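S.K.: Here it is: the structure, laid out below.
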Amino acid sequence: VQLQASGGGLVQTGGSLRLSCAASGRTLSRLTFSSVTMGWFRQAPGKEREFVATDGHRGADPAYADAVKGRFTISRDNAKNMVYLQMNSLKPEDTGVYYCAACLPHGYDGSYRQASAYDSWGQGTQVTVSS
């Protein structure tokens with residue numbers, strides 16, 4: 001599965017951005033996008049990549065990092081093979097490169113908060129929040 005993230009940019013503190021992630025590839029012709037668990041991660045300069053949100057697996061509730069809970073919302077449009085991350089009330093500490101990731105339905109039963117759960121990654125989109 002190929003992933004293309006977009007929607008990043010420069011925004012002031014308190015502003016909003018909506019990130020998009022488009023999924024494509026021959027693998028999707030063999031399975032339905034709704035069976036793919038999607039996640040968002042971010043990486044700030046000099047820091048490790050960290051979990052942001054996942055839409056959950058098989059109808060489970062979405063999960064969010066504590067730092068973004070109540071401000072970010074993950075959603076998806078299965079008909080368009082798209083996943084979104086609505087980011088509100090942005091803070092300077094939200095600055096970083098945001099990556100979308102896909103976990104294919106091969107029986108993974110661990111935590112979707114772990115980067116190791118995901119099989120495919122997008123190229124990342126830069127989000128910069130100015131103070």
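Residue numbering restarts at 1 in every chain; chains get A, B, ... in the order shown in the structure tokens, and ligands count up from 1 in that same order.
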Quick one: everything within 12 Å of Tyr99 in chain A, counting only C-alpha atoms, minus sequence neighbours fewer than 4 positions away in the same chain. Send it as a PyMOL selection string.

M.R.: chain A and resi 3-8+19-22+38-44+49-54+83-85+115+118+120-127

S.K.: Give me every strand (DSSP E or B) residue in chain A, going by DSSP on the backbone, as a ChimeraX atom specification.

M.R.: /A:2-6,9-12,17-24,37-43,50-54,63-64,72-77,82-87,96-103,120-121,125-130

S.K.: In Å, how far is it from CA of Ala117 in chain A to CA of Asp66 in chain A?

M.R.: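 Answer for the CA of Ala117 in chain A to CA of Asp66 in chain A separation: 19.3 Å.
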
S.K.: For a test of reading the model, state the distance in Å between CA of Val1 in chain A and CA of Ser35 in chain A, rounded to one decimal.

M.R.: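 CA of Ser35 in chain A lies at a distance of 12.6 Å from CA of Val1 in chain A.
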
S.K.: Tell me which of A:Leu17, A:Ala101, A:Ala23, A:Val36 sits closest to Gln2 in chain A, counting only C-alpha atoms.

M.R.: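 Looking at the shortest contact to Gln2 in chain A, the residue is A:Ala23.
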
S.K.: Between A:Gly107, A:Gly9, A:Ser16, A:Thr37, which is the closest to Ala63 in chain A once you count only C-alpha atoms?

M.R.: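 Under the stated criterion, the closest residue is A:Thr37.
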
S.K.: Report the distance between CA of Leu10 in chain A and CA of Asn78 in chain A in Å, rounded to one decimal place.

M.R.: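 So the answer is 28.3 Å.
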
S.K.: Find the residues near Ser34 in chain A: any atom within 9 Å, counting only C-alpha atoms, skip ones fewer than 6 places away on the same chain, and give them as a list in words.

M.R.: Arg58, Arg76, Asp77, Asn78, Ala79 and Asn81 of chain A

S.K.: Could you take the residues named above and write them with N, CA and C atoms, as a PDB file, in the first residue's frame?

M.R.:
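Just written: selection.pdb:
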```pdb
ATOM      1  N   ARG A  58     -11.287  -2.907  13.405  1.00  0.00           N
ATOM      2  CA  ARG A  58     -12.566  -3.618  13.381  1.00  0.00           C
ATOM      3  C   ARG A  58     -13.616  -2.930  14.242  1.00  0.00           C
ATOM      4  N   ARG A  76     -11.999   8.743   8.514  1.00  0.00           N
ATOM      5  CA  ARG A  76     -11.657   8.113   7.247  1.00  0.00           C
ATOM      6  C   ARG A  76     -12.850   8.095   6.318  1.00  0.00           C
ATOM      7  N   ASP A  77     -12.566   8.026   5.030  1.00  0.00           N
ATOM      8  CA  ASP A  77     -13.587   7.863   4.000  1.00  0.00           C
ATOM      9  C   ASP A  77     -13.178   6.624   3.210  1.00  0.00           C
ATOM     10  N   ASN A  78     -13.791   5.500   3.535  1.00  0.00           N
ATOM     11  CA  ASN A  78     -13.380   4.242   2.905  1.00  0.00           C
ATOM     12  C   ASN A  78     -13.665   4.210   1.414  1.00  0.00           C
ATOM     13  N   ALA A  79     -14.682   4.926   0.987  1.00  0.00           N
ATOM     14  CA  ALA A  79     -15.022   4.952  -0.433  1.00  0.00           C
ATOM     15  C   ALA A  79     -13.927   5.638  -1.253  1.00  0.00           C
ATOM     16  N   ASN A  81     -10.658   5.809  -0.045  1.00  0.00           N
ATOM     17  CA  ASN A  81      -9.358   5.338   0.450  1.00  0.00           C
ATOM     18  C   ASN A  81      -8.566   6.469   1.089  1.00  0.00           C
TER      19      ASN A  81
END
```

S.K.: Identify which of the residues A:Thr73, A:Ser24, A:Thr32, A:Ser131 lies closest to Met87 in chain A, counting only C-alpha atoms when measuring atom-to-atom distances.

M.R.: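 Comparing A:Thr73, A:Ser24, A:Thr32, A:Ser131 against Met87 in chain A, the winner is A:Thr73.
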
S.K.: Might you pull out every residue within 10 Å of Thr128 in chain A, with only C-alpha atoms counted and same-chain residues fewer than 6 positions away left off, and present them as a list in words?

M.R.: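 Selected residues are Gly8, Gly9, Leu10, Val11, Gln12, Thr13, Ala44, Leu90, Lys91, Pro92, Glu93, Asp94, Thr95, Gly96 and Val97 of chain A.
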
S.K.: Tell me, which residues of range 51-112 of chain A carry DSSP helix (DSSP H, G or I), written as number ranges by chain?

M.R.: A: 78-80, 92-94

S.K.: Please, could you write that set of residues out with N, CA and C atoms as a PDB file, in the first residue's frame?

M.R.:
```pdb
ATOM      1  N   ASN A  78     -13.791   5.500   3.535  1.00  0.00           N
ATOM      2  CA  ASN A  78     -13.380   4.242   2.905  1.00  0.00           C
ATOM      3  C   ASN A  78     -13.665   4.210   1.414  1.00  0.00           C
ATOM      4  N   ALA A  79     -14.682   4.926   0.987  1.00  0.00           N
ATOM      5  CA  ALA A  79     -15.022   4.952  -0.433  1.00  0.00           C
ATOM      6  C   ALA A  79     -13.927   5.638  -1.253  1.00  0.00           C
ATOM      7  N   LYS A  80     -13.203   6.539  -0.614  1.00  0.00           N
ATOM      8  CA  LYS A  80     -12.146   7.282  -1.300  1.00  0.00           C
ATOM      9  C   LYS A  80     -10.749   6.815  -0.903  1.00  0.00           C
ATOM     10  N   PRO A  92       2.675  25.107  19.716  1.00  0.00           N
ATOM     11  CA  PRO A  92       4.035  24.988  19.150  1.00  0.00           C
ATOM     12  C   PRO A  92       4.616  23.580  19.306  1.00  0.00           C
ATOM     13  N   GLU A  93       4.270  22.904  20.374  1.00  0.00           N
ATOM     14  CA  GLU A  93       4.787  21.553  20.590  1.00  0.00           C
ATOM     15  C   GLU A  93       4.181  20.524  19.645  1.00  0.00           C
ATOM     16  N   ASP A  94       3.202  20.920  18.851  1.00  0.00           N
ATOM     17  CA  ASP A  94       2.656  20.036  17.814  1.00  0.00           C
ATOM     18  C   ASP A  94       3.501  20.074  16.542  1.00  0.00           C
TER      19      ASP A  94
END
```
